[in-house]
>>> print(open('final_10.cif').read())   # mmCIF, C-alpha atoms
data_final
#
loop_
_atom_site.label_atom_id
_atom_site.label_comp_id
_atom_site.auth_asym_id
_atom_site.auth_seq_id
_atom_site.Cartn_x
_atom_site.Cartn_y
_atom_site.Cartn_z
CA MET A 81 38.15 -85.82 5.03
CA ALA A 82 35.58 -83.12 5.95
CA THR A 83 34.49 -82.96 9.53
CA GLY A 84 31.21 -81.76 11.04
CA ALA A 85 32.70 -78.31 11.67
CA ASP A 86 33.53 -77.94 8.01
CA VAL A 87 29.99 -78.89 7.01
CA ARG A 88 28.52 -76.44 9.53
CA ASP A 89 30.82 -73.74 8.21
CA ILE A 90 29.70 -74.40 4.64
CA LEU A 91 25.98 -74.44 5.57
CA GLU A 92 26.42 -71.41 7.88
CA LEU A 93 25.03 -73.29 10.86
CA ALA A 94 25.57 -72.08 14.38
CA GLY A 95 27.90 -74.35 16.16
CA GLY A 96 28.29 -74.88 19.89
CA ASP A 97 30.81 -76.64 22.02
CA ASN A 98 30.09 -79.96 20.34
CA ASP A 99 31.05 -78.84 16.85
CA ALA A 100 32.87 -82.09 16.22
CA GLY A 101 29.70 -84.16 16.75
CA PRO A 102 27.74 -85.76 13.94
CA ILE A 103 25.34 -83.69 11.79
CA SER A 104 21.72 -84.69 12.04
CA LYS A 105 19.00 -84.43 9.41
CA LYS A 106 17.24 -81.61 11.30
CA ASP A 107 20.32 -79.44 11.13
CA ILE A 108 20.33 -79.56 7.35
CA ILE A 109 16.51 -79.13 6.86
CA ASN A 110 16.05 -76.30 9.39
CA SER A 111 19.04 -74.29 8.27
CA ASP A 112 16.86 -71.54 6.61
CA LYS A 113 14.75 -71.08 9.77
CA LYS A 114 17.86 -70.66 11.82
CA LYS A 115 19.13 -67.99 9.45
CA ALA A 116 15.86 -66.05 9.70
CA LYS A 117 15.87 -66.38 13.45
CA LYS A 118 19.41 -65.14 13.56
CA ALA A 119 18.45 -62.09 11.44
CA THR A 120 15.56 -61.21 13.75
CA GLU A 121 17.78 -61.39 16.77
CA THR A 122 19.64 -58.26 15.72
CA LEU A 123 19.74 -55.40 18.14
CA THR A 124 16.95 -52.80 18.02
CA PHE A 125 17.45 -49.29 19.34
CA LYS A 126 14.80 -47.61 21.47
CA ARG A 127 13.73 -44.05 20.66
CA PRO A 128 15.07 -41.67 23.30
CA GLU A 129 12.63 -39.67 25.39
CA GLY A 130 11.86 -36.18 24.09
CA MET A 131 12.81 -36.98 20.48
CA HIS A 132 10.07 -36.76 17.87
CA ARG A 133 9.20 -39.83 15.85
CA GLU A 134 10.02 -38.16 12.52
CA VAL A 135 13.48 -37.10 13.71
CA TYR A 136 14.19 -40.60 15.03
CA ALA A 137 13.06 -42.12 11.71
CA LEU A 138 15.76 -40.12 9.96
CA LEU A 139 18.39 -41.58 12.28
CA TYR A 140 17.24 -45.18 12.42
CA SER A 141 14.43 -47.24 10.94
CA ASP A 142 13.72 -50.98 10.91
CA LYS A 143 12.75 -50.94 7.24
CA ASN A 144 15.53 -48.69 6.06
CA ARG A 145 18.72 -48.96 8.04
CA ASP A 146 20.76 -46.91 5.62
CA ALA A 147 21.78 -43.41 6.62
CA PRO A 148 19.75 -40.53 5.11
CA PRO A 149 21.36 -38.75 2.14
CA LEU A 150 23.37 -35.61 2.67
CA LEU A 151 22.46 -34.17 -0.77
CA PRO A 152 19.00 -34.04 -2.41
CA SER A 153 18.36 -36.52 -5.19
CA ASP A 154 15.71 -36.60 -7.90
CA THR A 155 15.56 -40.37 -8.15
CA THR A 156 12.54 -42.54 -7.41
CA GLN A 157 14.68 -45.43 -6.23
CA GLY A 158 14.91 -44.37 -2.60
CA TYR A 159 18.37 -43.79 -1.18
CA ARG A 160 20.21 -45.83 -3.77
CA THR A 161 22.78 -44.02 -5.85
CA VAL A 162 21.89 -43.65 -9.50
CA LYS A 163 24.22 -45.30 -11.90
CA ALA A 164 25.33 -43.46 -14.97
CA LYS A 165 23.46 -44.59 -18.07
CA LEU A 166 26.15 -44.76 -20.69
CA GLY A 167 25.19 -45.53 -24.26
CA CYS A 168 27.16 -47.12 -27.01
CA LYS A 169 27.29 -43.94 -29.13
CA LYS A 170 30.28 -41.69 -29.29
CA VAL A 171 30.32 -38.46 -27.31
CA ARG A 172 29.75 -35.33 -29.38
CA PRO A 173 32.94 -33.28 -29.37
CA TRP A 174 33.07 -29.70 -28.04
CA LYS A 175 35.52 -27.08 -29.20
CA TRP A 176 36.83 -23.77 -27.86
CA MET A 177 36.12 -21.39 -30.71
CA PRO A 178 35.90 -17.61 -31.26
CA PHE A 179 32.66 -15.73 -32.02
CA THR A 180 31.49 -12.18 -32.65
CA ASN A 181 28.28 -10.59 -31.37
CA PRO A 182 26.31 -8.91 -34.20
CA ALA A 183 24.87 -6.43 -31.70
CA ARG A 184 28.30 -4.87 -31.27
CA LYS A 185 29.83 -2.71 -33.93
CA ASP A 186 33.37 -2.53 -32.57
CA GLY A 187 34.32 -5.97 -33.97
CA ALA A 188 35.19 -7.47 -30.53
CA ILE A 189 36.08 -11.17 -30.64
CA PHE A 190 35.12 -13.48 -27.76
CA HIS A 191 35.62 -17.22 -27.14
CA HIS A 192 33.36 -19.91 -25.74
CA TRP A 193 32.81 -23.66 -25.80
CA ARG A 194 30.61 -24.91 -28.60
CA ARG A 195 29.91 -28.17 -30.37
CA ALA A 196 32.23 -28.84 -33.23
CA VAL A 197 29.28 -29.32 -35.59
CA GLU A 198 28.17 -25.70 -35.02
CA GLU A 199 31.50 -24.22 -36.03
CA GLY A 200 31.09 -21.29 -38.41
CA LYS A 201 27.44 -20.58 -37.54
CA ASP A 202 26.16 -17.20 -36.36
CA TYR A 203 25.89 -16.33 -32.70
CA PRO A 204 22.48 -17.78 -31.64
CA PHE A 205 21.64 -14.94 -29.24
CA GLY A 206 22.13 -12.27 -31.90
CA ARG A 207 18.46 -12.63 -32.95
CA PHE A 208 17.39 -10.97 -29.68
CA ASN A 209 19.04 -7.70 -30.70
CA LYS A 210 15.93 -5.77 -31.69
CA THR A 211 16.29 -2.13 -32.68
CA VAL A 212 13.66 0.58 -33.22
CA GLN A 213 13.29 1.86 -36.75
CA VAL A 214 13.68 5.64 -36.43
CA PRO A 215 12.61 7.49 -39.59
CA VAL A 216 15.14 9.47 -41.57
CA TYR A 217 14.24 12.67 -43.40
CA SER A 218 16.02 14.65 -46.08
CA GLU A 219 16.80 18.36 -46.25
CA GLN A 220 14.02 18.94 -48.75
CA GLU A 221 11.41 17.11 -46.64
CA TYR A 222 12.41 19.10 -43.56
CA GLN A 223 12.06 22.44 -45.33
CA MET A 224 8.71 21.52 -46.90
CA TYR A 225 6.88 19.64 -44.13
CA LEU A 226 8.87 19.52 -40.86
CA HIS A 227 9.86 23.14 -40.32
CA ASP A 228 8.89 24.53 -36.89
CA ASP A 229 9.63 27.97 -35.45
CA GLY A 230 10.33 26.59 -31.98
CA TRP A 231 12.83 23.99 -33.25
CA THR A 232 15.92 24.35 -35.39
CA LYS A 233 17.15 21.67 -37.77
CA ALA A 234 20.30 21.07 -35.72
CA GLU A 235 18.24 20.53 -32.57
CA THR A 236 15.87 18.19 -34.43
CA ASP A 237 18.82 16.21 -35.80
CA HIS A 238 20.25 15.96 -32.29
CA LEU A 239 16.91 14.65 -30.98
CA PHE A 240 16.61 11.97 -33.68
CA ASP A 241 20.23 10.94 -33.15
CA LEU A 242 19.53 10.34 -29.45
CA CYS A 243 16.29 8.49 -30.28
CA LYS A 244 18.22 6.14 -32.55
CA ARG A 245 21.02 5.60 -30.01
CA PHE A 246 18.75 4.88 -27.01
CA ASP A 247 15.80 3.17 -28.76
CA LEU A 248 13.17 5.79 -27.84
CA ARG A 249 13.88 5.61 -24.10
CA PHE A 250 12.84 9.21 -23.59
CA ILE A 251 13.88 9.37 -19.95
CA VAL A 252 17.45 8.49 -21.00
CA ILE A 253 17.18 10.80 -23.99
CA HIS A 254 16.14 13.67 -21.72
CA ASP A 255 19.06 12.92 -19.43
CA ARG A 256 21.60 12.90 -22.33
CA TYR A 257 20.06 15.87 -24.11
CA ASP A 258 22.44 18.80 -24.63
CA HIS A 259 20.61 21.47 -22.63
CA GLN A 260 23.59 23.83 -22.72
CA GLN A 261 23.80 24.14 -26.48
CA TYR A 262 20.03 24.00 -27.08
CA ARG A 263 16.98 25.13 -25.17
CA LYS A 264 15.90 23.28 -22.07
CA ARG A 265 13.20 20.83 -23.03
CA SER A 266 10.96 18.54 -20.99
CA VAL A 267 10.23 14.91 -21.76
CA GLU A 268 6.80 15.87 -23.09
CA ASP A 269 8.35 18.41 -25.47
CA LEU A 270 10.75 15.81 -26.87
CA LYS A 271 7.97 13.26 -27.32
CA GLU A 272 5.66 15.77 -28.95
CA ARG A 273 8.33 16.86 -31.48
CA TYR A 274 9.33 13.30 -32.35
CA TYR A 275 5.79 11.94 -32.84
CA ASN A 276 4.68 14.99 -34.81
CA ILE A 277 7.53 14.47 -37.27
CA CYS A 278 6.77 10.72 -37.50
CA GLY A 279 3.09 11.43 -38.22
CA LYS A 280 3.87 14.00 -40.92
CA LEU A 281 6.40 11.71 -42.63
CA THR A 282 3.96 8.77 -42.54
CA LYS A 283 1.23 10.92 -44.05
CA VAL A 284 3.51 12.33 -46.77
CA ARG A 285 5.06 9.00 -47.73
CA ALA A 286 1.78 7.07 -47.75
CA VAL A 287 0.40 5.72 -51.00
CA THR A 288 -2.33 7.85 -52.52
CA GLY A 289 -5.79 6.54 -51.73
CA THR A 290 -4.83 4.98 -48.39
CA GLU A 291 -5.26 6.31 -44.86
CA PRO A 292 -2.23 5.44 -42.72
CA LYS A 293 -2.48 5.03 -38.96
CA ILE A 294 -0.88 7.99 -37.25
CA TYR A 295 0.00 8.00 -33.56
CA ILE A 296 -0.97 11.30 -31.91
CA PHE A 297 0.76 12.21 -28.68
CA ASP A 298 -1.26 14.49 -26.37
CA ALA A 299 1.44 16.46 -24.55
CA GLY A 300 -1.04 18.63 -22.61
CA HIS A 301 -2.79 15.58 -21.16
CA GLU A 302 0.55 14.05 -20.18
CA ARG A 303 1.60 17.25 -18.39
CA ARG A 304 -1.68 17.44 -16.48
CA ARG A 305 -1.38 13.78 -15.54
CA LYS A 306 2.09 14.29 -14.08
CA GLU A 307 0.97 17.40 -12.22
CA GLN A 308 -1.89 15.46 -10.66
CA LEU A 309 0.47 12.68 -9.66
CA GLU A 310 2.82 15.17 -8.03
CA ARG A 311 -0.05 16.75 -6.12
CA LEU A 312 -1.26 13.33 -5.06
CA PHE A 313 2.23 12.38 -3.87
CA ASN A 314 2.77 15.65 -2.01
CA ARG A 315 -0.43 15.45 0.02
CA THR A 316 -0.21 15.95 3.77
CA PRO A 317 -1.68 13.40 6.23
CA GLU A 318 -4.46 15.87 7.05
CA GLN A 319 -5.47 16.05 3.39
CA VAL A 320 -5.46 12.25 3.09
CA ALA A 321 -7.69 11.93 6.17
CA GLU A 322 -10.05 14.58 4.81
CA GLU A 323 -10.32 12.80 1.48
CA GLU A 324 -11.13 9.49 3.19
CA TYR A 325 -13.77 11.24 5.27
CA LEU A 326 -15.35 12.75 2.16
CA ILE A 327 -15.39 9.37 0.42
CA GLN A 328 -17.18 7.81 3.40
CA GLU A 329 -19.73 10.62 3.44
CA LEU A 330 -20.30 10.17 -0.29
CA ARG A 331 -20.99 6.47 0.24
CA LYS A 332 -23.45 7.30 3.02
CA ILE A 333 -25.26 9.74 0.74
CA GLU A 334 -25.49 7.12 -2.00
CA THR A 335 -26.91 4.51 0.41
CA ARG A 336 -29.46 7.03 1.71
CA LYS A 337 -30.45 7.87 -1.84
CA LYS A 338 -30.99 4.18 -2.65
CA GLU A 339 -33.07 3.71 0.50
CA ARG A 340 -35.15 6.78 -0.36
CA GLU A 341 -35.81 5.47 -3.87
CA LYS A 342 -36.72 2.05 -2.50
CA LYS A 343 -39.17 3.57 -0.02
CA ALA A 344 -40.76 5.64 -2.78
CA GLN A 345 -41.20 2.52 -4.92
CA ASP A 346 -42.74 0.58 -2.02
CA LEU A 347 -45.19 3.38 -1.28
CA GLN A 348 -46.14 3.65 -4.92
CA LYS A 349 -46.79 -0.11 -5.00
CA LEU A 350 -49.02 0.13 -1.93
CA ILE A 351 -51.00 3.03 -3.43
CA THR A 352 -51.52 1.23 -6.74
CA ALA A 353 -52.51 -1.94 -4.89
CA ALA A 354 -55.09 -0.06 -2.82
CA ASP A 355 -56.51 1.61 -5.95
CA SER A 356 -56.69 -1.70 -7.80
CA THR A 357 -58.49 -3.42 -4.91
CA THR A 358 -61.09 -0.65 -4.66
CA GLU A 359 -61.70 -0.73 -8.40
CA MET A 360 -62.01 -4.50 -8.31
CA ARG A 361 -64.57 -4.35 -5.48
CA ARG A 362 -66.62 -1.77 -7.36
CA ALA A 363 -66.61 -3.92 -10.47
CA GLU A 364 -67.74 -6.94 -8.44
CA ARG A 365 -70.58 -5.00 -6.87
CA LYS A 366 -71.74 -3.78 -10.26
CA ALA A 367 -71.58 -7.31 -11.61
CA THR A 368 -73.66 -8.70 -8.72
CA LYS A 369 -76.28 -5.95 -9.19
CA LYS A 370 -76.63 -6.73 -12.89
CA LYS A 371 -76.71 -10.47 -12.04
CA LEU A 372 -74.25 -11.42 -14.71
CA PRO A 373 -73.45 -15.16 -14.94
CA GLN A 374 -70.05 -15.63 -13.38
CA LYS A 375 -68.18 -18.64 -12.10
CA ARG A 376 -66.64 -18.19 -8.70
CA GLU A 377 -63.93 -20.77 -9.32
CA THR A 378 -62.57 -18.92 -12.35
CA GLU A 379 -62.58 -15.52 -10.60
CA LYS A 380 -59.15 -14.28 -9.66
CA PRO A 381 -58.52 -10.95 -7.96
CA ALA A 382 -56.47 -8.58 -10.09
CA VAL A 383 -54.32 -7.52 -7.14
CA PRO A 384 -50.56 -7.18 -7.61
CA GLU A 385 -48.27 -9.62 -5.86
CA THR A 386 -46.99 -6.99 -3.43
CA ALA A 387 -50.51 -5.99 -2.24
CA GLY A 388 -51.95 -7.72 0.82
CA ILE A 389 -51.47 -11.46 1.09
CA LYS A 390 -50.93 -13.83 -1.79
CA PHE A 391 -52.52 -17.16 -0.84
CA PRO A 392 -51.20 -20.29 -2.59
CA ASP A 393 -53.35 -22.09 -5.17
CA PHE A 394 -53.98 -25.78 -4.53
CA LYS A 395 -54.02 -27.14 -8.06
CA SER A 396 -52.16 -30.37 -7.38
CA ALA A 397 -53.86 -33.69 -7.99
CA GLY A 398 -55.28 -35.50 -5.01
CA VAL A 399 -57.57 -34.77 -2.08
CA SER A 400 -57.01 -31.58 -0.03
CA LEU A 401 -58.96 -29.81 2.71
CA ARG A 402 -60.59 -26.47 1.98
CA SER A 403 -59.34 -25.19 5.34
CA GLN A 404 -55.78 -25.32 3.99
CA ARG A 405 -56.66 -22.38 1.74
CA MET A 406 -57.17 -20.23 4.85
CA LYS A 407 -53.65 -20.94 6.12
CA LEU A 408 -51.44 -17.84 6.00
CA PRO A 409 -48.30 -18.21 3.83
CA SER A 410 -44.84 -18.12 5.37
CA SER A 411 -44.07 -14.75 3.73
CA VAL A 412 -46.34 -12.95 6.23
CA GLY A 413 -44.37 -11.78 9.26
CA GLN A 414 -45.24 -12.43 12.89
CA LYS A 415 -46.08 -8.75 13.52
CA LYS A 416 -48.67 -8.74 10.75
CA ILE A 417 -50.16 -12.02 11.94
CA LYS A 418 -50.52 -10.70 15.51
CA ALA A 419 -52.08 -7.44 14.25
CA ILE A 420 -54.60 -9.39 12.13
CA GLU A 421 -55.53 -11.65 15.03
CA GLN A 422 -55.92 -8.66 17.36
CA ILE A 423 -58.24 -6.80 14.98
CA LEU A 424 -60.33 -9.91 14.26
CA THR A 425 -60.65 -10.67 17.97
CA GLU A 426 -61.75 -7.12 18.79
CA GLN A 427 -64.28 -7.12 15.96
CA GLY A 428 -65.70 -10.43 17.11
CA VAL A 429 -64.67 -12.39 14.02
CA ASP A 430 -63.84 -16.05 14.51
CA LEU A 431 -60.19 -16.86 13.81
CA ASN A 432 -61.10 -20.28 12.36
CA PRO A 433 -64.53 -19.99 10.68
CA MET A 434 -66.41 -22.73 8.91
CA PRO A 435 -64.41 -23.29 5.66
CA THR A 436 -67.18 -23.12 3.10
CA GLU A 437 -66.37 -21.88 -0.39
CA GLU A 438 -67.84 -18.41 0.14
CA ILE A 439 -66.50 -17.99 3.68
CA VAL A 440 -62.94 -19.00 2.66
CA GLN A 441 -62.87 -16.47 -0.16
CA MET A 442 -64.34 -13.65 1.93
CA PHE A 443 -62.12 -14.44 4.93
CA ASN A 444 -58.94 -14.41 2.82
CA GLU A 445 -59.96 -11.12 1.18
CA LEU A 446 -60.65 -9.60 4.60
CA ARG A 447 -57.22 -10.55 5.95
CA SER A 448 -55.53 -9.34 2.77
CA ASP A 449 -57.25 -5.98 3.11
CA LEU A 450 -56.23 -5.78 6.78
CA VAL A 451 -52.59 -6.34 5.85
CA LEU A 452 -52.82 -3.70 3.11
CA VAL A 453 -54.31 -1.18 5.55
CA TYR A 454 -51.60 -2.04 8.09
CA GLU A 455 -48.84 -1.41 5.54
CA LEU A 456 -50.42 1.86 4.36
CA LYS A 457 -50.79 3.18 7.90
CA GLN A 458 -47.20 2.21 8.68
CA ALA A 459 -45.94 4.06 5.58
CA HIS A 460 -48.11 7.06 6.50
CA SER A 461 -46.71 7.17 10.03
CA ASN A 462 -43.16 6.97 8.62
CA CYS A 463 -43.85 9.91 6.34
CA GLU A 464 -45.31 11.95 9.20
CA TYR A 465 -42.35 11.19 11.43
CA GLU A 466 -39.84 12.11 8.73
CA GLN A 467 -41.78 15.29 7.94
CA GLN A 468 -41.70 16.25 11.62
CA MET A 469 -37.96 15.56 11.80
CA LEU A 470 -37.33 17.73 8.73
CA ARG A 471 -39.50 20.49 10.24
CA HIS A 472 -37.42 20.49 13.44
CA ARG A 473 -34.18 20.51 11.44
CA TYR A 474 -35.41 23.39 9.32
CA GLU A 475 -36.39 25.41 12.39
CA ALA A 476 -33.02 24.70 14.03
CA LEU A 477 -31.18 25.80 10.89
CA MET A 478 -33.23 28.99 10.68
CA LYS A 479 -32.49 29.82 14.32
CA SER A 480 -28.77 29.12 14.02
CA GLY A 481 -28.45 30.91 10.66
CA GLY A 482 -30.46 33.94 11.79
CA GLY A 483 -32.67 33.91 8.70
CA PRO A 484 -35.78 36.06 8.29
CA ASP A 485 -38.87 35.10 10.27
CA SER A 486 -41.00 35.43 7.18
CA GLN A 487 -39.60 32.17 5.79
CA ALA A 488 -41.94 29.64 7.37
CA TRP A 489 -42.34 25.94 6.84
CA PRO A 490 -44.53 25.15 3.81
CA GLY A 491 -48.13 24.30 4.57
CA PRO A 492 -49.89 20.99 3.92
CA ASP A 493 -51.23 22.17 0.56
CA ASP A 494 -47.71 22.90 -0.67
CA ILE A 495 -46.45 19.56 0.62
CA LYS A 496 -49.17 17.62 -1.23
CA THR A 497 -48.15 19.18 -4.52
CA GLU A 498 -44.55 18.01 -4.13
CA ALA A 499 -43.32 14.72 -5.50
CA LYS A 500 -43.54 11.62 -3.35
CA GLU A 501 -39.80 11.05 -3.68
CA GLN A 502 -39.18 14.35 -1.93
CA ILE A 503 -41.62 13.61 0.90
CA ILE A 504 -40.06 10.23 1.67
CA ASP A 505 -36.60 11.28 2.74
CA VAL A 506 -34.30 9.23 4.92
CA VAL A 507 -31.56 11.81 5.29
CA GLY A 508 -32.78 12.54 8.82
CA ALA A 509 -31.82 10.61 11.92
CA PRO A 510 -32.63 6.88 11.70
CA LEU A 511 -35.47 5.49 13.76
CA THR A 512 -34.62 3.58 16.90
CA PRO A 513 -36.26 0.16 17.49
CA ASN A 514 -38.21 1.47 20.52
CA SER A 515 -39.64 4.46 18.66
CA ARG A 516 -40.55 2.23 15.72
CA LYS A 517 -42.40 -0.21 18.01
CA ARG A 518 -44.27 2.62 19.74
CA ARG A 519 -45.32 4.08 16.43
CA GLU A 520 -46.47 0.71 15.08
CA SER A 521 -48.55 0.01 18.20
CA ALA A 522 -50.05 3.51 18.05
CA SER A 523 -50.96 3.12 14.39
CA SER A 524 -52.55 -0.31 14.97
CA SER A 525 -54.59 0.97 17.96
CA SER A 526 -55.76 4.02 16.00
CA SER A 527 -56.85 1.82 13.11
CA ILE A 528 -58.81 -0.39 15.54
CA LYS A 529 -60.57 2.62 17.06
CA LYS A 530 -61.53 3.92 13.63
CA MET A 531 -62.91 0.55 12.64
CA LYS A 532 -65.00 0.37 15.85
CA LYS A 533 -66.74 3.68 15.06
CA PRO A 534 -70.00 3.25 13.12
#
>>> encode(input="final_10.cif", output="structure tokens")
Amino acid sequence: MATGADVRDILELAGGDNDAGPISKKDIINSDKKKAKKATETLTFKRPEGMHREVYALLYSDKNRDAPPLLPSDTTQGYRTVKAKLGCKKVRPWKWMPFTNPARKDGAIFHHWRRAVEEGKDYPFGRFNKTVQVPVYSEQEYQMYLHDDGWTKAETDHLFDLCKRFDLRFIVIHDRYDHQQYRKRSVEDLKERYYNICGKLTKVRAVTGTEPKIYIFDAGHERRRKEQLERLFNRTPEQVAEEEYLIQELRKIETRKKEREKKAQDLQKLITAADSTTEMRRAERKATKKKLPQKRETEKPAVPETAGIKFPDFKSAGVSLRSQRMKLPSSVGQKKIKAIEQILTEQGVDLNPMPTEEIVQMFNELRSDLVLVYELKQAHSNCEYEQQMLRHRYEALMKSGGGPDSQAWPGPDDIKTEAKEQIIDVVGAPLTPNSRKRRESASSSSSIKKMKKP
């Protein structure tokens, strides 16, 4: 007869001192909870101080208590060992069999493991044995087309034999060439002789009416190329430093040339803009004298975009104030705005006049002309400064070189006849910010004084 201890042993219940007592209903119902509680009561290890969390996770983890693997595995099943997937088919038999390599001509026999089904087949890697097709010529062809005074037939045969043995590896051919029996030849000489013969044979053996492709080897170019490489390799550190210095100077010259061309283009734009504005004003005056019917709204000044100020057109639908048309665009710099305000204040012109239709148009034209005059005077002062710098440099060069005193600096008439690209030169010393500011202030003050004069 089974006792309470036997029942507890079967149900895996924890028993105490009173194992022989009767089994209650709670013991049987709550057996699963006791098992879970027993599992959670297992010992947990605390991470030692100074050990990183990742290192400790490799040693012990609550989720994975198995030891980390010693060898890498490509499985996606965690740390479980992969079972061998054995099918029901029979294993294909392998056999130790002999084989010969078609690339070898000595008839050597080797052995290797191979599937029994592939017995008797050719060596699979024999297809990678690629050889160069070297042309063969006869005695008659050599005497008729290939004869050369600098080469004998025996030396030519020796060259083609080496080309066939070493697959046109001319460095190896030059190393194995018999320089004692024949003349000493360079790699370029060997290449030139070989490709000349190939070209002549291709041309002779071609079908009539067709133009074959002939490879022409330039031996002179190859020799010069190797000489240049040798000179480049044998340069001294002083020569390398000098070359780098010359490259930097060349880049500086190119940048100066681009700046000079850009300045010339800007000056030309300013001159054309000034001419166009004067012509436009003359045409307007003539039109007003003749009293021709014109609509002010449709009139648009024919001034280029780079001349003066380009005010935005308010053509969008909706209500807008006319005073917005007098607002300067964001493309105008702060220096130009301050110069305009200074000139208007000194001339007694209101900075914010009554925005009628006529006043808005005239006020915008006035400010545009002021900006154009400001840019022209600034370009003129730059030209004068650069001309003065070139004059000083010329005089210094004449003094240092000890040239004749009769060679003087060209006069203003000669300078006017020169091209504008030559006048605007930035090869001289660059302007400092202080000198530029002084010159700009001087030009603006001189323009104000001229405008004050009646």
>>> resolve_selection(input="final_10.cif", expression="the PyMOL selection byres ((chain A and resi 178) around 12)", output="PyMOL selection string")
chain A and resi 175-177+179-181+188-194+196+198-203
>>> write_last_selection(input="final_10.cif", atoms="C-alpha atoms", output="PDB file, in the coordinates of the input")
ATOM      1  CA  LYS A 175      35.520 -27.080 -29.200  1.00  0.00           C
ATOM      2  CA  TRP A 176      36.830 -23.770 -27.860  1.00  0.00           C
ATOM      3  CA  MET A 177      36.120 -21.390 -30.710  1.00  0.00           C
ATOM      4  CA  PHE A 179      32.660 -15.730 -32.020  1.00  0.00           C
ATOM      5  CA  THR A 180      31.490 -12.180 -32.650  1.00  0.00           C
ATOM      6  CA  ASN A 181      28.280 -10.590 -31.370  1.00  0.00           C
ATOM      7  CA  ALA A 188      35.190  -7.470 -30.530  1.00  0.00           C
ATOM      8  CA  ILE A 189      36.080 -11.170 -30.640  1.00  0.00           C
ATOM      9  CA  PHE A 190      35.120 -13.480 -27.760  1.00  0.00           C
ATOM     10  CA  HIS A 191      35.620 -17.220 -27.140  1.00  0.00           C
ATOM     11  CA  HIS A 192      33.360 -19.910 -25.740  1.00  0.00           C
ATOM     12  CA  TRP A 193      32.810 -23.660 -25.800  1.00  0.00           C
ATOM     13  CA  ARG A 194      30.610 -24.910 -28.600  1.00  0.00           C
ATOM     14  CA  ALA A 196      32.230 -28.840 -33.230  1.00  0.00           C
ATOM     15  CA  GLU A 198      28.170 -25.700 -35.020  1.00  0.00           C
ATOM     16  CA  GLU A 199      31.500 -24.220 -36.030  1.00  0.00           C
ATOM     17  CA  GLY A 200      31.090 -21.290 -38.410  1.00  0.00           C
ATOM     18  CA  LYS A 201      27.440 -20.580 -37.540  1.00  0.00           C
ATOM     19  CA  ASP A 202      26.160 -17.200 -36.360  1.00  0.00           C
ATOM     20  CA  TYR A 203      25.890 -16.330 -32.700  1.00  0.00           C
TER      21      TYR A 203
END
>>> atom_distance(input="final_10.cif", atom1="CA of Thr282 (chain A)", atom2="CA of Glu302 (chain A)")
23.2 Å
>>> resolve_selection(input="final_10.cif", expression="the PyMOL selection byres ((chain A and resi 411-427) around 7)", output="PyMOL selection string")
chain A and resi 409-410+428-429+431+447+450-451+528
>>> atom_distance(input="final_10.cif", atom1="CA of Arg402 (chain A)", atom2="CA of Leu446 (chain A)")
17.1 Å
>>> resolve_selection(input="final_10.cif", expression="the PyMOL selection byres ((chain A and resi 214) around 12)", output="ChimeraX atom specification")
/A:211-213,215-217,237,239-248,274-275,277-278,281-282
>>> closest_residue(input="final_10.cif", among="A:Glu310, A:Arg305, A:Leu456, A:Ala286", to="Gln348 (chain A)", atoms="all atoms listed in the file")
A:Leu456
>>> atom_distance(input="final_10.cif", atom1="CA of Gln319 (chain A)", atom2="CA of Gly481 (chain A)")
28.3 Å
